[in-house]
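Reviewing the structure listed below.
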Amino acid sequence: MMRKSLGALLLAAVASTMLSACSTGQGSTESSGNGGASGGVTTIEFWAAPNPTQQAYWQEMAKAYESEHSNVKINVSAIKESPTSEASIQSAIAAKSAPTMSENINRGFGAQLADSKALVPLDTLDGFQDIVKERNMNSTIEPWKFADGHQYVLPIYSNAMLFGWRLDVLKELGYNEPPQTYSEIVELTKKLKDKYGDQKYLWAKADLADPTAWKRWFDFYMLYNAASGGNKFIEGSRFTGDRKAGEEVLAFMDDLRKANGLLARQVTDPFENGVGVFTDVGPWTFTTWKEKYPNLKYGDNFALTMPPVPDGMDPKDSKTFADTKGLVIYASATKEQQAAAIDFIKWVYSDAANDAKWFEQTNLPPARDDLKTNDSFKAILDKQPELKPYAENVPNAIPPMDNAKYNDLQTIIGTEAFNKVVKGQISPAEGWANMQKAIEGALQ
Amino acid sequence: MDHRNNKMGWLFTSPYLLYSLIFFFGPLIWSFFLSVTDWNLIAPTFNLVGIENFANALKSPSVHSAFWVTYKFMIIFVPIVTVLATAVAVLVHGLPRFKSLFLIGFFLPYLSSGVVSSLIAKGLLSYTSPMNVFLRKMGLDIDWLGTPLSALGIVGLILAWKFTGYYALILTSGLESIDKEVYEAAAIDGVTDRQRFWRITLPLLYPSLYTTLILAFGVTFGIFTEVYQLTGGGPNNATNTWQMEIFKQAFTNLQAGYASAVALLASVATFISIFIIRKFLEIWGKRNGWV
């Protein structure tokens, strides 16, 4: 009898220990899980991007907000990358431990979440229109409207992706400024290869042959947006790609391949080390360059341009891809938490100084219409002139598609067309046709 | 007495049984349920789709590649790691002193992060790395991670580097357990070194070798980090493992139901493969009179 009791006790102890280890801690205290309201204080969980700079920025904002709003407590923590921030968010939603709000959400992932009713349509919350007005972002936010007419993501920053050119190498080849059209670039590639052989390539980047969906944002979409004048490619669930522009982009890549100007291989920092003379550059790069490659000076040995355009097109009309991420509020949050979250966002963006602080700390251009004209940003742009072209081109940058199947669709661009053309396995016209057929099939 | 022993046996195994119930059996049931739905885990609603996910998975080219890639990794990884681990074990076993120190040294890669070792491999395989510059001067221009065979080989080698020390540890303990008197008797009988290895060491090492082989075969069904970091499953799905496929479907495409179906198919493939491999190893042992 004694042994039986002892056994049962041991079993119960082990079971309770293991089960408590499984607990998410939800509902135990006011500050646990996904937050809540207790004693008149609404607690919200804010997941910041998994980098120290952005996390520090939001912690600072939260602290400042709390000092003026004693009825709200904001817990800021970084999104875990296990192995990606998207996977962590999905796991958290599935485990009913989603935060109240998070940043670092791209439009495609936003579409997947919105499709699953995991997000609050921000335009249905009181105060959202005030944010758009006070932050001066009417034009910037317009293309963020989803197919159902709602706004699920508030863009924080918008990087108009630019191409970097190694000016020092270009000067050696007799160029004072980067070429802007396809034929000019192919001609430059021939000169580059004549001079350097396999020492230098026009575009050295392993991602060119990698079908991973998001990688198309930084090659195909930049060129395609420029060639098509910002055509939407996919609208809702319909393929609306511009065949002529698409084939021109693929033919350009094919010409570069034929001229031996592409190196789709693993290379350590190819542009920085001068193996490649042309590559996509985002403004986040400059912080790394200052530490790791201090010799790279804007206007001295590297230049930034909008994507090149097909012959016969005015380079001034070039468009590009907008690498842009934003804030969302999760549907699992309580009404009080949602109200507190939108009020916090409104408070942050009611003062342009907060956006200026963001810009200064992260180098990521705030998603607003007045970046070029608002004096709050002038000092930053004067201090870091390499950020000016990004600020200037915010209106020329097209955000990614809002289709929940974006991952499949963008993988198809790579597997059926772009990667194959880069490897010389298919003609541009055939690649485009195969891609269109596969995308239309996937959209059904 | 036996009855009481049985009770005590159940009592002492109960933590593990409970652990299995919660962390293996529970998720297995959950996975079965998910696999017959179109749920993505976050949508408020879902539909029961029967065997549709399984049917789609069986038709999917990327699932086919995951199936075959596992066996390709087996062909590369298992012989290399077995030979290396045996060599390390024999070498360490023959050392007069500091055996433990050397074994710990070889064991360290097992503790290293797959992410870090993959990043180091990326640097070593860079187009501009000294090795590749040298090879190009020799007329060899190899796209290590962009060619299916070499990409498989690189991942296989990284895994072999990682697991050699661990398996060597098991094999060394096997070697240490062989009675020295057997070797002394064989020496008196005038056996050669070759005969000594094949007729004494290998048969007596068979239980340890059996363990390491089963573990090594098992590893190939769970490859993820190195592939995720180095190749992303490419080129052209040439390194797309079961785990990569499950991850892509569940967390990139948000198709948890379909991913569960793929995971269950992977479990079946793993179970059957390990069962067959075990049988072969047992037949091999029996035929040679080692068991």
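By convention in this document, the chains of the structure tokens carry letters A, B, ... by their order, each chain's residues are numbered from 1, and ligands are numbered from 1 in the order they are shown.
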Task: Residue hits in chain A, query chain B, radius 6 Å, only C-alpha atoms, as a ChimeraX atom specification - done: /A:87,93-94,116-117,266-268
Open item on the list: I'd like to know which residues of segment 184-425 of chain A are helix (DSSP H, G or I) (by DSSP, run on the backbone); could you write them as an NGL selection string?
Closed with: :A and (184-199 or 206-209 or 213-218 or 220-228 or 243-258 or 285-292 or 315-317 or 335-349 or 352-362 or 375-383 or 385-392 or 394-396 or 406-423)
TODO: Would you list the contacts of segment 164-166 of chain B as a PyMOL selection string, taking every protein, DNA or RNA residue within 10 Å and counting only C-alpha atoms, but skipping same-chain residues closer than 3 positions in sequence?
DONE: chain B and resi 80-89+102-111+159-161+169-171+212+216
Open item on the list: With only C-alpha atoms as the counted atoms, please give the residues lying no more than 6 Å from segment 179-185 of chain A, apart from itself and same-chain residues fewer than 3 positions off, as a ChimeraX atom specification.
Closed with: /A:188,308-311
File dump, residues just selected, N, CA and C atoms, as a tab-separated table (two decimals), in the first residue's frame:
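So again-v7.tsv came out as:
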```tsv
chain	number	residue	atom	x	y	z
A	188	LEU	N	29.68	47.58	-71.30
A	188	LEU	CA	30.63	47.72	-70.18
A	188	LEU	C	31.13	46.35	-69.73
A	308	PRO	N	18.67	49.78	-64.00
A	308	PRO	CA	18.79	50.12	-65.42
A	308	PRO	C	17.50	49.79	-66.17
A	309	VAL	N	17.34	50.42	-67.33
A	309	VAL	CA	16.10	50.22	-68.11
A	309	VAL	C	16.44	49.69	-69.50
A	310	PRO	N	15.45	49.09	-70.18
A	310	PRO	CA	15.70	48.62	-71.56
A	310	PRO	C	16.02	49.81	-72.47
A	311	ASP	N	16.70	49.52	-73.55
A	311	ASP	CA	17.04	50.58	-74.52
A	311	ASP	C	15.77	51.24	-75.01
```
Selection: 6 Å around segment 174-180 of chain B, only C-alpha atoms, excl. self and same-chain fewer than 2 positions, as a CSV table (one decimal) with N, CA, C and O atoms, in the first residue's frame:
```csv
chain,number,residue,atom,x,y,z
B,171,LEU,N,32.9,3.5,-30.6
B,171,LEU,CA,33.7,2.4,-31.1
B,171,LEU,C,34.9,2.2,-30.2
B,171,LEU,O,35.4,1.1,-30.0
B,172,THR,N,35.4,3.3,-29.6
B,172,THR,CA,36.6,3.2,-28.7
B,172,THR,C,36.2,2.4,-27.5
B,172,THR,O,36.9,1.5,-27.0
B,182,VAL,N,42.7,-12.2,-25.6
B,182,VAL,CA,42.3,-12.7,-26.9
B,182,VAL,C,43.4,-12.4,-27.9
B,182,VAL,O,43.9,-13.3,-28.7
B,183,TYR,N,43.9,-11.1,-27.9
B,183,TYR,CA,45.0,-10.7,-28.8
B,183,TYR,C,46.3,-11.5,-28.5
B,183,TYR,O,47.0,-11.9,-29.4
B,205,LEU,N,33.9,-6.1,-32.2
B,205,LEU,CA,33.5,-4.7,-32.3
B,205,LEU,C,32.1,-4.6,-32.9
B,205,LEU,O,31.5,-3.5,-32.9
B,208,SER,N,29.2,-2.6,-31.2
B,208,SER,CA,29.4,-1.1,-31.3
B,208,SER,C,29.2,-0.6,-32.7
B,208,SER,O,28.6,0.5,-32.9
```
